[in-house]
2 protein chains.
Amino acid sequence: MSMAETPRLWVKIDLGSAGQVGPGKIALLRGIAEKRSIAAAARDMKMSYRRAWLLIDELNGIFGQPVLVTHIGGKGHGGAELTSFGQRLIDAFGLIQQRADHAAREELAALAAEIQPRP
Amino acid sequence: MSMAETPRLWVKIDLGSAGQVGPGKIALLRGIAEKRSIAAAARDMKMSYRRAWLLIDELNGIFGQPVLVTHIGGKGHGGAELTSFGQRLIDAFGLIQQRADHAAREELAALAAEIQPRP
């Protein structure tokens with residue numbers, strides 16, 4: 001990386017036997033919140049509709065409560081909307097990501113400084 | 001997860017165009033430091049020798065300096081030892097992981113509390 005770039009921390013939440021929540025599942029939720037459609041969000045992420053459903057199903061299973069509700073009807077696959085829990089999950093992940101990155105800022109900069117310039 | 005389990009945070013360091021450093025590469029380095037052998041560390045992680053070398057090569061490439069030195073001779077693939085930079089990398093990653101987890105403790109506990117008990 002060039003000196004101008006700052007290293008970034010990615011986080012994944014390990015909920016033990018329940019499962020894991022990482023940037024991929026959260027990006028999908030954010031996409032669904034924006035597009036109000038699982039199909040459209042999946043397409044944006046170049047992910048199959050089936051794969052998107054499996055990830056959503058995994059999240060529902062981890063927490064034992066739905067992250068979204070779907071509406072049948074209309075064109076295509078119908079609409080989807082996050083539940084209030086789904087929205088809380090996005091917010092919590094964002095906050096955790098931010099706090100973690102902030103707490104490690106100094107060490108991340110020190111590590112980036114170890115990168116030797118290319119000849 | 002049961003109430004007794006505490007959620008854990010896994011981190012991955014994104015060094016931009018240089019590459020990424022996550023728990024897998026660091027676990028391999030830790031194994032090599034312990035076994036003083038790439039082959040033995042790879043075996044412990046059920047990873048091929050080739051895969052282990054590719055990960056090490058990636059780390060060397062990211063930082064532009066070697067994370068380990070190898071000794072030819074002896075039995076099998078010879079020995080390997082971390083450089084002082086390789087050891088610093090392990091230590092820095094551990095510290096970053098610890099600081100990130102600590103900073104997010106409260107939010108992680110709140111998220112774990114969202115898990116609905118199974119009927």
# chains A, B, ... in the order shown; residues from 1 in each chain; ligands from 1
$ residues_around --residues "Phe93 in chain A" --least-positions-apart "2" --cutoff "9 Å" --atoms "only C-alpha atoms" --output "mmCIF file with all heavy atoms, in the first residue's frame"
data_model
loop_
_atom_site.group_PDB
_atom_site.id
_atom_site.type_symbol
_atom_site.label_atom_id
_atom_site.label_comp_id
_atom_site.auth_asym_id
_atom_site.auth_seq_id
_atom_site.Cartn_x
_atom_site.Cartn_y
_atom_site.Cartn_z
ATOM 1 N N VAL A 11 -13.979 -6.968 10.561
ATOM 2 C CA VAL A 11 -14.297 -7.816 11.706
ATOM 3 C C VAL A 11 -15.336 -8.879 11.348
ATOM 4 O O VAL A 11 -16.125 -8.715 10.416
ATOM 5 C CB VAL A 11 -14.833 -6.997 12.912
ATOM 6 C CG1 VAL A 11 -13.811 -5.968 13.361
ATOM 7 C CG2 VAL A 11 -16.171 -6.345 12.604
ATOM 8 N N LYS A 12 -15.266 -9.982 12.073
ATOM 9 C CA LYS A 12 -16.272 -11.029 11.959
ATOM 10 C C LYS A 12 -16.667 -11.395 13.380
ATOM 11 O O LYS A 12 -15.801 -11.574 14.237
ATOM 12 C CB LYS A 12 -15.675 -12.241 11.225
ATOM 13 C CG LYS A 12 -16.677 -13.341 10.989
ATOM 14 C CD LYS A 12 -16.045 -14.552 10.295
ATOM 15 C CE LYS A 12 -16.045 -14.381 8.787
ATOM 16 N NZ LYS A 12 -15.581 -15.614 8.100
ATOM 17 N N ILE A 13 -17.970 -11.465 13.632
ATOM 18 C CA ILE A 13 -18.448 -11.778 14.976
ATOM 19 C C ILE A 13 -18.709 -13.271 15.070
ATOM 20 O O ILE A 13 -19.497 -13.824 14.305
ATOM 21 C CB ILE A 13 -19.733 -10.992 15.294
ATOM 22 C CG1 ILE A 13 -19.455 -9.489 15.191
ATOM 23 C CG2 ILE A 13 -20.253 -11.363 16.679
ATOM 24 C CD1 ILE A 13 -20.706 -8.645 15.149
ATOM 25 N N VAL A 21 -21.200 -13.822 12.035
ATOM 26 C CA VAL A 21 -21.730 -12.698 11.264
ATOM 27 C C VAL A 21 -20.555 -11.856 10.793
ATOM 28 O O VAL A 21 -19.806 -11.325 11.618
ATOM 29 C CB VAL A 21 -22.679 -11.830 12.121
ATOM 30 C CG1 VAL A 21 -23.243 -10.690 11.292
ATOM 31 C CG2 VAL A 21 -23.804 -12.668 12.713
ATOM 32 N N GLY A 22 -20.391 -11.767 9.483
ATOM 33 C CA GLY A 22 -19.271 -11.017 8.926
ATOM 34 C C GLY A 22 -19.731 -9.983 7.914
ATOM 35 O O GLY A 22 -20.935 -9.800 7.704
ATOM 36 N N PRO A 23 -18.777 -9.314 7.278
ATOM 37 C CA PRO A 23 -19.078 -8.211 6.358
ATOM 38 C C PRO A 23 -19.975 -8.605 5.180
ATOM 39 O O PRO A 23 -20.758 -7.789 4.706
ATOM 40 C CB PRO A 23 -17.690 -7.801 5.833
ATOM 41 C CG PRO A 23 -16.716 -8.345 6.822
ATOM 42 C CD PRO A 23 -17.341 -9.560 7.415
ATOM 43 N N ILE A 26 -23.685 -8.763 6.257
ATOM 44 C CA ILE A 26 -24.151 -7.409 6.579
ATOM 45 C C ILE A 26 -24.295 -6.567 5.309
ATOM 46 O O ILE A 26 -25.256 -5.809 5.166
ATOM 47 C CB ILE A 26 -23.191 -6.730 7.585
ATOM 48 C CG1 ILE A 26 -23.201 -7.511 8.918
ATOM 49 C CG2 ILE A 26 -23.578 -5.274 7.823
ATOM 50 C CD1 ILE A 26 -24.538 -7.570 9.632
ATOM 51 N N ARG A 88 -31.331 -3.284 13.481
ATOM 52 C CA ARG A 88 -30.460 -3.217 14.665
ATOM 53 C C ARG A 88 -29.158 -3.980 14.422
ATOM 54 O O ARG A 88 -28.086 -3.572 14.857
ATOM 55 C CB ARG A 88 -31.148 -3.827 15.898
ATOM 56 C CG ARG A 88 -32.133 -2.912 16.575
ATOM 57 C CD ARG A 88 -32.309 -3.244 18.071
ATOM 58 N NE ARG A 88 -32.718 -4.612 18.365
ATOM 59 C CZ ARG A 88 -33.940 -5.105 18.182
ATOM 60 N NH1 ARG A 88 -34.888 -4.343 17.672
ATOM 61 N NH2 ARG A 88 -34.228 -6.357 18.503
ATOM 62 N N LEU A 89 -29.279 -5.099 13.704
ATOM 63 C CA LEU A 89 -28.106 -5.920 13.424
ATOM 64 C C LEU A 89 -27.092 -5.150 12.563
ATOM 65 O O LEU A 89 -25.890 -5.149 12.831
ATOM 66 C CB LEU A 89 -28.543 -7.218 12.721
ATOM 67 C CG LEU A 89 -27.479 -8.251 12.428
ATOM 68 C CD1 LEU A 89 -26.714 -8.639 13.684
ATOM 69 C CD2 LEU A 89 -28.099 -9.502 11.795
ATOM 70 N N ILE A 90 -27.600 -4.474 11.530
ATOM 71 C CA ILE A 90 -26.727 -3.635 10.685
ATOM 72 C C ILE A 90 -26.045 -2.557 11.539
ATOM 73 O O ILE A 90 -24.834 -2.345 11.450
ATOM 74 C CB ILE A 90 -27.534 -2.935 9.565
ATOM 75 C CG1 ILE A 90 -28.050 -3.960 8.552
ATOM 76 C CG2 ILE A 90 -26.687 -1.884 8.863
ATOM 77 C CD1 ILE A 90 -28.825 -3.324 7.398
ATOM 78 N N ASP A 91 -26.849 -1.879 12.370
ATOM 79 C CA ASP A 91 -26.306 -0.784 13.189
ATOM 80 C C ASP A 91 -25.256 -1.310 14.169
ATOM 81 O O ASP A 91 -24.197 -0.706 14.336
ATOM 82 C CB ASP A 91 -27.428 -0.084 13.955
ATOM 83 C CG ASP A 91 -28.410 0.612 13.019
ATOM 84 O OD1 ASP A 91 -28.061 0.809 11.835
ATOM 85 O OD2 ASP A 91 -29.519 0.948 13.453
ATOM 86 N N LEU A 95 -21.236 -0.368 14.365
ATOM 87 C CA LEU A 95 -20.651 0.204 15.573
ATOM 88 C C LEU A 95 -19.464 -0.644 16.046
ATOM 89 O O LEU A 95 -18.413 -0.112 16.435
ATOM 90 C CB LEU A 95 -21.720 0.282 16.671
ATOM 91 C CG LEU A 95 -21.371 1.082 17.914
ATOM 92 C CD1 LEU A 95 -20.993 2.516 17.558
ATOM 93 C CD2 LEU A 95 -22.564 1.093 18.895
ATOM 94 N N ILE A 96 -19.632 -1.954 15.996
ATOM 95 C CA ILE A 96 -18.559 -2.867 16.424
ATOM 96 C C ILE A 96 -17.339 -2.692 15.520
ATOM 97 O O ILE A 96 -16.197 -2.589 15.975
ATOM 98 C CB ILE A 96 -19.074 -4.325 16.424
ATOM 99 C CG1 ILE A 96 -20.029 -4.532 17.605
ATOM 100 C CG2 ILE A 96 -17.920 -5.325 16.462
ATOM 101 C CD1 ILE A 96 -20.822 -5.828 17.576
ATOM 102 N N GLN A 97 -17.606 -2.639 14.202
ATOM 103 C CA GLN A 97 -16.543 -2.426 13.214
ATOM 104 C C GLN A 97 -15.778 -1.133 13.504
ATOM 105 O O GLN A 97 -14.545 -1.098 13.521
ATOM 106 C CB GLN A 97 -17.197 -2.378 11.825
ATOM 107 C CG GLN A 97 -16.344 -1.885 10.689
ATOM 108 C CD GLN A 97 -15.526 -3.003 10.076
ATOM 109 O OE1 GLN A 97 -16.053 -4.020 9.683
ATOM 110 N NE2 GLN A 97 -14.220 -2.819 9.986
ATOM 111 N N GLN A 98 -16.525 -0.090 13.790
ATOM 112 C CA GLN A 98 -15.962 1.242 14.015
ATOM 113 C C GLN A 98 -15.126 1.281 15.303
ATOM 114 O O GLN A 98 -14.010 1.803 15.318
ATOM 115 C CB GLN A 98 -17.148 2.216 14.127
ATOM 116 C CG GLN A 98 -16.812 3.674 14.001
ATOM 117 C CD GLN A 98 -18.077 4.526 14.190
ATOM 118 O OE1 GLN A 98 -19.181 3.988 14.379
ATOM 119 N NE2 GLN A 98 -17.916 5.837 14.146
ATOM 120 N N GLU B 107 -20.948 -3.994 22.943
ATOM 121 C CA GLU B 107 -21.833 -4.193 21.793
ATOM 122 C C GLU B 107 -21.963 -5.687 21.455
ATOM 123 O O GLU B 107 -23.012 -6.139 21.021
ATOM 124 C CB GLU B 107 -21.308 -3.457 20.556
ATOM 125 C CG GLU B 107 -21.526 -1.955 20.581
ATOM 126 C CD GLU B 107 -20.559 -1.243 21.513
ATOM 127 O OE1 GLU B 107 -19.479 -1.810 21.803
ATOM 128 O OE2 GLU B 107 -20.888 -0.141 21.967
ATOM 129 N N LEU B 108 -20.885 -6.433 21.632
ATOM 130 C CA LEU B 108 -20.931 -7.868 21.358
ATOM 131 C C LEU B 108 -21.886 -8.564 22.324
ATOM 132 O O LEU B 108 -22.679 -9.419 21.933
ATOM 133 C CB LEU B 108 -19.529 -8.490 21.476
ATOM 134 C CG LEU B 108 -18.558 -8.167 20.340
ATOM 135 C CD1 LEU B 108 -17.150 -8.645 20.691
ATOM 136 C CD2 LEU B 108 -19.018 -8.797 19.029
ATOM 137 N N LEU B 111 -25.429 -7.812 21.352
ATOM 138 C CA LEU B 111 -25.830 -8.577 20.170
ATOM 139 C C LEU B 111 -26.123 -10.029 20.558
ATOM 140 O O LEU B 111 -27.106 -10.621 20.098
ATOM 141 C CB LEU B 111 -24.720 -8.529 19.119
ATOM 142 C CG LEU B 111 -25.131 -8.864 17.691
ATOM 143 C CD1 LEU B 111 -26.200 -7.902 17.205
ATOM 144 C CD2 LEU B 111 -23.925 -8.804 16.764
#
$ closest_atom_pairs --of "chain B" --to "chain A" --cutoff "8 Å" --atoms "only C-alpha atoms" --output "tab-separated table"
residue	atom	partner	partner_atom	distance
B:Met1	CA	A:Ala18	CA	4.9
B:Glu5	CA	A:Gly16	CA	7.0
B:Thr6	CA	A:Leu15	CA	7.4
B:Pro7	CA	A:Leu15	CA	4.7
B:Arg8	CA	A:Asp14	CA	5.0
B:Leu9	CA	A:Ile13	CA	4.8
B:Trp10	CA	A:Lys12	CA	5.0
B:Val11	CA	A:Val11	CA	4.5
B:Lys12	CA	A:Trp10	CA	5.0
B:Ile13	CA	A:Leu9	CA	4.8
B:Asp14	CA	A:Arg8	CA	5.0
B:Leu15	CA	A:Pro7	CA	4.7
B:Gly16	CA	A:Met1	CA	5.6
B:Ser17	CA	A:Met1	CA	5.2
B:Ala18	CA	A:Met1	CA	4.8
B:Ile62	CA	A:Ile115	CA	7.1
B:Phe63	CA	A:Ile115	CA	4.3
B:Gly64	CA	A:Gln116	CA	5.1
B:Gln65	CA	A:Gln116	CA	6.8
B:Leu89	CA	A:Leu111	CA	7.6
B:Ala92	CA	A:Glu107	CA	6.7
B:Leu95	CA	A:Glu107	CA	7.7
B:Ile96	CA	A:Ala104	CA	5.4
B:Arg99	CA	A:Ala103	CA	5.9
B:Ala100	CA	A:Ala100	CA	3.9
B:Asp101	CA	A:Ala100	CA	6.7
B:Ala103	CA	A:Ala100	CA	5.8
B:Ala104	CA	A:Ile96	CA	5.4
B:Glu107	CA	A:Ile96	CA	6.4
B:Leu108	CA	A:Ile96	CA	7.4
B:Leu111	CA	A:Ala92	CA	7.2
B:Ala112	CA	A:Leu15	CA	7.1
B:Glu114	CA	A:Phe63	CA	6.5
B:Ile115	CA	A:Phe63	CA	4.3
B:Gln116	CA	A:Gly64	CA	5.1
B:Pro117	CA	A:Gly64	CA	7.2
B:Arg118	CA	A:Gly64	CA	7.1
$ write_last_selection --atoms "N, CA, C and O atoms" --output "short mmCIF file (atom, residue, chain, number, x, y, z; two decimals), in the first residue's frame"
data_model
loop_
_atom_site.label_atom_id
_atom_site.label_comp_id
_atom_site.auth_asym_id
_atom_site.auth_seq_id
_atom_site.Cartn_x
_atom_site.Cartn_y
_atom_site.Cartn_z
N MET B 1 -25.83 -19.76 20.64
CA MET B 1 -24.84 -19.96 21.70
C MET B 1 -25.55 -19.95 23.05
O MET B 1 -26.56 -19.28 23.22
N GLU B 5 -21.55 -18.68 26.85
CA GLU B 5 -20.55 -18.35 25.82
C GLU B 5 -20.50 -16.84 25.60
O GLU B 5 -21.52 -16.17 25.57
N THR B 6 -19.31 -16.33 25.40
CA THR B 6 -19.15 -14.92 25.10
C THR B 6 -18.80 -14.80 23.62
O THR B 6 -17.96 -15.55 23.13
N PRO B 7 -19.45 -13.91 22.89
CA PRO B 7 -19.11 -13.76 21.48
C PRO B 7 -17.66 -13.29 21.34
O PRO B 7 -17.14 -12.58 22.19
N ARG B 8 -17.05 -13.70 20.24
CA ARG B 8 -15.66 -13.34 19.99
C ARG B 8 -15.57 -12.55 18.70
O ARG B 8 -16.35 -12.76 17.78
N LEU B 9 -14.60 -11.69 18.66
CA LEU B 9 -14.39 -10.92 17.44
C LEU B 9 -13.17 -11.44 16.71
O LEU B 9 -12.10 -11.58 17.30
N TRP B 10 -13.32 -11.78 15.43
CA TRP B 10 -12.17 -12.13 14.59
C TRP B 10 -11.83 -10.91 13.75
O TRP B 10 -12.73 -10.24 13.28
N VAL B 11 -10.57 -10.64 13.59
CA VAL B 11 -10.21 -9.48 12.77
C VAL B 11 -9.36 -9.88 11.57
O VAL B 11 -8.68 -10.91 11.57
N LYS B 12 -9.47 -9.07 10.54
CA LYS B 12 -8.62 -9.23 9.36
C LYS B 12 -8.09 -7.84 9.03
O LYS B 12 -8.86 -6.86 9.01
N ILE B 13 -6.78 -7.74 8.80
CA ILE B 13 -6.18 -6.45 8.52
C ILE B 13 -6.08 -6.28 7.01
O ILE B 13 -5.45 -7.09 6.32
N ASP B 14 -6.72 -5.23 6.53
CA ASP B 14 -6.74 -4.94 5.10
C ASP B 14 -5.70 -3.86 4.82
O ASP B 14 -5.89 -2.70 5.20
N LEU B 15 -4.60 -4.26 4.17
CA LEU B 15 -3.52 -3.31 3.87
C LEU B 15 -3.65 -2.77 2.45
O LEU B 15 -2.66 -2.52 1.77
N GLY B 16 -4.88 -2.62 2.02
CA GLY B 16 -5.15 -2.05 0.71
C GLY B 16 -4.59 -2.92 -0.40
O GLY B 16 -4.73 -4.14 -0.36
N SER B 17 -3.96 -2.28 -1.37
CA SER B 17 -3.46 -3.02 -2.53
C SER B 17 -2.37 -4.01 -2.14
O SER B 17 -2.09 -4.97 -2.88
N ALA B 18 -1.73 -3.84 -0.99
CA ALA B 18 -0.65 -4.75 -0.57
C ALA B 18 -1.20 -6.14 -0.23
O ALA B 18 -0.54 -7.14 -0.48
N ILE B 62 3.58 -9.00 0.81
CA ILE B 62 2.82 -7.87 1.37
C ILE B 62 3.77 -6.86 2.03
O ILE B 62 3.66 -5.65 1.82
N PHE B 63 4.72 -7.39 2.82
CA PHE B 63 5.57 -6.50 3.61
C PHE B 63 6.92 -6.21 2.95
O PHE B 63 7.68 -5.37 3.43
N GLY B 64 7.22 -6.92 1.86
CA GLY B 64 8.49 -6.69 1.18
C GLY B 64 9.68 -7.11 2.02
O GLY B 64 10.80 -6.62 1.82
N GLN B 65 9.45 -7.99 2.98
CA GLN B 65 10.53 -8.55 3.79
C GLN B 65 10.10 -9.92 4.30
O GLN B 65 8.90 -10.17 4.47
N LEU B 89 5.14 -9.50 13.68
CA LEU B 89 3.84 -9.58 13.00
C LEU B 89 2.84 -10.37 13.85
O LEU B 89 1.68 -9.95 14.01
N ALA B 92 1.94 -8.15 16.86
CA ALA B 92 1.09 -7.01 16.47
C ALA B 92 -0.33 -7.49 16.20
O ALA B 92 -1.30 -6.86 16.63
N LEU B 95 -2.14 -8.23 19.43
CA LEU B 95 -2.50 -7.00 20.14
C LEU B 95 -3.70 -6.33 19.47
O LEU B 95 -4.63 -5.86 20.15
N ILE B 96 -3.69 -6.29 18.14
CA ILE B 96 -4.80 -5.69 17.40
C ILE B 96 -6.10 -6.46 17.69
O ILE B 96 -7.15 -5.88 17.97
N ARG B 99 -7.22 -5.67 21.32
CA ARG B 99 -7.76 -4.31 21.47
C ARG B 99 -9.13 -4.19 20.82
O ARG B 99 -10.03 -3.54 21.36
N ALA B 100 -9.26 -4.77 19.64
CA ALA B 100 -10.53 -4.70 18.91
C ALA B 100 -11.63 -5.41 19.70
O ALA B 100 -12.72 -4.86 19.90
N ASP B 101 -11.33 -6.61 20.17
CA ASP B 101 -12.30 -7.38 20.93
C ASP B 101 -12.71 -6.64 22.19
O ASP B 101 -13.89 -6.55 22.54
N ALA B 103 -12.58 -3.40 22.81
CA ALA B 103 -13.32 -2.16 22.52
C ALA B 103 -14.78 -2.44 22.17
O ALA B 103 -15.64 -1.58 22.35
N ALA B 104 -15.06 -3.64 21.67
CA ALA B 104 -16.42 -3.95 21.21
C ALA B 104 -17.18 -4.83 22.19
O ALA B 104 -18.30 -5.25 21.91
N GLU B 107 -20.95 -3.99 22.94
CA GLU B 107 -21.83 -4.19 21.79
C GLU B 107 -21.96 -5.69 21.46
O GLU B 107 -23.01 -6.14 21.02
N LEU B 108 -20.88 -6.43 21.63
CA LEU B 108 -20.93 -7.87 21.36
C LEU B 108 -21.89 -8.56 22.32
O LEU B 108 -22.68 -9.42 21.93
N LEU B 111 -25.43 -7.81 21.35
CA LEU B 111 -25.83 -8.58 20.17
C LEU B 111 -26.12 -10.03 20.56
O LEU B 111 -27.11 -10.62 20.10
N ALA B 112 -25.30 -10.60 21.42
CA ALA B 112 -25.51 -11.98 21.87
C ALA B 112 -26.84 -12.09 22.62
O ALA B 112 -27.51 -13.11 22.55
N GLU B 114 -29.49 -10.72 21.82
CA GLU B 114 -30.59 -10.73 20.85
C GLU B 114 -30.94 -12.16 20.42
O GLU B 114 -31.95 -12.38 19.77
N ILE B 115 -30.06 -13.09 20.73
CA ILE B 115 -30.31 -14.48 20.33
C ILE B 115 -31.50 -15.02 21.13
O ILE B 115 -31.48 -15.03 22.36
N GLN B 116 -32.55 -15.44 20.41
CA GLN B 116 -33.75 -15.94 21.07
C GLN B 116 -33.53 -17.38 21.51
O GLN B 116 -33.00 -18.19 20.75
N PRO B 117 -33.94 -17.73 22.73
CA PRO B 117 -33.79 -19.10 23.19
C PRO B 117 -34.61 -20.06 22.31
O PRO B 117 -35.70 -19.70 21.89
N ARG B 118 -34.02 -21.21 22.01
CA ARG B 118 -34.74 -22.21 21.22
C ARG B 118 -35.87 -22.80 22.05
O ARG B 118 -35.68 -23.03 23.24
#
$ atom_distance --atom1 "CA of Thr83 in chain A" --atom2 "CA of Leu29 in chain A"
10.6 Å
$ closest_residue --among "A:Gly79, A:Gly24, A:Gly86, A:Pro66" --to "Arg36 in chain A" --atoms "only C-alpha atoms"
A:Gly79
$ select_by_dssp --residues "range 22-118 of chain A" --states "helix (DSSP H, G or I)" --output "JSON, numbers by chain"
{"A": [23, 24, 25, 26, 27, 28, 29, 30, 31, 32, 33, 34, 35, 38, 39, 40, 41, 42, 43, 44, 49, 50, 51, 52, 53, 54, 55, 56, 57, 58, 59, 60, 61, 62, 63, 84, 85, 86, 87, 88, 89, 90, 91, 92, 93, 94, 95, 96, 97, 98, 99, 100, 101, 102, 103, 105, 106, 107, 108, 109, 110, 111, 112]}
$ write_last_selection --atoms "C-alpha atoms" --output "PDB file, in the first residue's frame"
ATOM      1  CA  PRO A  23     -19.078  -8.211   6.358  1.00  0.00           C
ATOM      2  CA  GLY A  24     -20.679 -10.297   3.573  1.00  0.00           C
ATOM      3  CA  LYS A  25     -23.966 -10.996   5.349  1.00  0.00           C
ATOM      4  CA  ILE A  26     -24.151  -7.409   6.579  1.00  0.00           C
ATOM      5  CA  ALA A  27     -23.486  -5.999   3.095  1.00  0.00           C
ATOM      6  CA  LEU A  28     -26.343  -8.159   1.812  1.00  0.00           C
ATOM      7  CA  LEU A  29     -28.694  -6.835   4.521  1.00  0.00           C
ATOM      8  CA  ARG A  30     -27.667  -3.267   3.667  1.00  0.00           C
ATOM      9  CA  GLY A  31     -28.367  -3.959  -0.003  1.00  0.00           C
ATOM     10  CA  ILE A  32     -31.804  -5.389   0.776  1.00  0.00           C
ATOM     11  CA  ALA A  33     -32.619  -2.402   2.995  1.00  0.00           C
ATOM     12  CA  GLU A  34     -31.714  -0.104   0.116  1.00  0.00           C
ATOM     13  CA  LYS A  35     -33.297  -2.011  -2.775  1.00  0.00           C
ATOM     14  CA  ILE A  38     -33.537  -9.709  -2.222  1.00  0.00           C
ATOM     15  CA  ALA A  39     -33.152 -10.348  -5.962  1.00  0.00           C
ATOM     16  CA  ALA A  40     -31.914  -6.823  -6.678  1.00  0.00           C
ATOM     17  CA  ALA A  41     -29.513  -6.829  -3.710  1.00  0.00           C
ATOM     18  CA  ALA A  42     -28.135 -10.234  -4.734  1.00  0.00           C
ATOM     19  CA  ARG A  43     -27.668  -9.035  -8.326  1.00  0.00           C
ATOM     20  CA  ASP A  44     -25.751  -5.960  -7.119  1.00  0.00           C
ATOM     21  CA  TYR A  49     -30.698 -15.435  -5.446  1.00  0.00           C
ATOM     22  CA  ARG A  50     -30.340 -18.860  -3.834  1.00  0.00           C
ATOM     23  CA  ARG A  51     -27.043 -17.920  -2.158  1.00  0.00           C
ATOM     24  CA  ALA A  52     -28.597 -14.701  -0.831  1.00  0.00           C
ATOM     25  CA  TRP A  53     -31.517 -16.673   0.626  1.00  0.00           C
ATOM     26  CA  LEU A  54     -29.162 -19.140   2.286  1.00  0.00           C
ATOM     27  CA  LEU A  55     -27.266 -16.295   3.981  1.00  0.00           C
ATOM     28  CA  ILE A  56     -30.510 -14.683   5.168  1.00  0.00           C
ATOM     29  CA  ASP A  57     -31.727 -18.053   6.400  1.00  0.00           C
ATOM     30  CA  GLU A  58     -28.459 -18.512   8.274  1.00  0.00           C
ATOM     31  CA  LEU A  59     -28.901 -15.130   9.992  1.00  0.00           C
ATOM     32  CA  ASN A  60     -32.507 -15.971  10.922  1.00  0.00           C
ATOM     33  CA  GLY A  61     -31.244 -19.253  12.355  1.00  0.00           C
ATOM     34  CA  ILE A  62     -28.377 -17.688  14.319  1.00  0.00           C
ATOM     35  CA  PHE A  63     -30.628 -15.250  16.149  1.00  0.00           C
ATOM     36  CA  SER A  84     -36.441  -3.764  13.248  1.00  0.00           C
ATOM     37  CA  PHE A  85     -34.090  -6.503  14.437  1.00  0.00           C
ATOM     38  CA  GLY A  86     -32.488  -6.693  10.977  1.00  0.00           C
ATOM     39  CA  GLN A  87     -31.877  -2.954  11.125  1.00  0.00           C
ATOM     40  CA  ARG A  88     -30.460  -3.217  14.665  1.00  0.00           C
ATOM     41  CA  LEU A  89     -28.106  -5.920  13.424  1.00  0.00           C
ATOM     42  CA  ILE A  90     -26.727  -3.635  10.685  1.00  0.00           C
ATOM     43  CA  ASP A  91     -26.306  -0.784  13.189  1.00  0.00           C
ATOM     44  CA  ALA A  92     -24.640  -3.003  15.812  1.00  0.00           C
ATOM     45  CA  PHE A  93     -22.219  -4.449  13.261  1.00  0.00           C
ATOM     46  CA  GLY A  94     -21.303  -0.969  12.025  1.00  0.00           C
ATOM     47  CA  LEU A  95     -20.651   0.204  15.573  1.00  0.00           C
ATOM     48  CA  ILE A  96     -18.559  -2.867  16.424  1.00  0.00           C
ATOM     49  CA  GLN A  97     -16.543  -2.426  13.214  1.00  0.00           C
ATOM     50  CA  GLN A  98     -15.962   1.242  14.015  1.00  0.00           C
ATOM     51  CA  ARG A  99     -14.964   0.696  17.651  1.00  0.00           C
ATOM     52  CA  ALA A 100     -12.606  -2.138  16.755  1.00  0.00           C
ATOM     53  CA  ASP A 101     -10.925  -0.155  13.994  1.00  0.00           C
ATOM     54  CA  HIS A 102     -10.591   2.897  16.224  1.00  0.00           C
ATOM     55  CA  ALA A 103      -9.108   0.919  19.125  1.00  0.00           C
ATOM     56  CA  ARG A 105      -5.561   2.528  14.910  1.00  0.00           C
ATOM     57  CA  GLU A 106      -2.101   2.977  16.446  1.00  0.00           C
ATOM     58  CA  GLU A 107      -1.067  -0.676  15.986  1.00  0.00           C
ATOM     59  CA  LEU A 108      -2.445  -0.720  12.441  1.00  0.00           C
ATOM     60  CA  ALA A 109      -0.361   2.329  11.518  1.00  0.00           C
ATOM     61  CA  ALA A 110       2.737   0.719  13.069  1.00  0.00           C
ATOM     62  CA  LEU A 111       2.144  -2.432  11.041  1.00  0.00           C
ATOM     63  CA  ALA A 112       1.646  -0.470   7.820  1.00  0.00           C
TER      64      ALA A 112
END
$ select_by_dssp --residues "chain A" --states "strand (DSSP E or B)" --output "list in words"
Arg8, Leu9, Trp10, Val11, Lys12, Ile13, Asp14, Gln20, Val21, Leu68, Val69, Thr70, His71, Gly79, Ala80, Glu81 and Leu82 of chain A
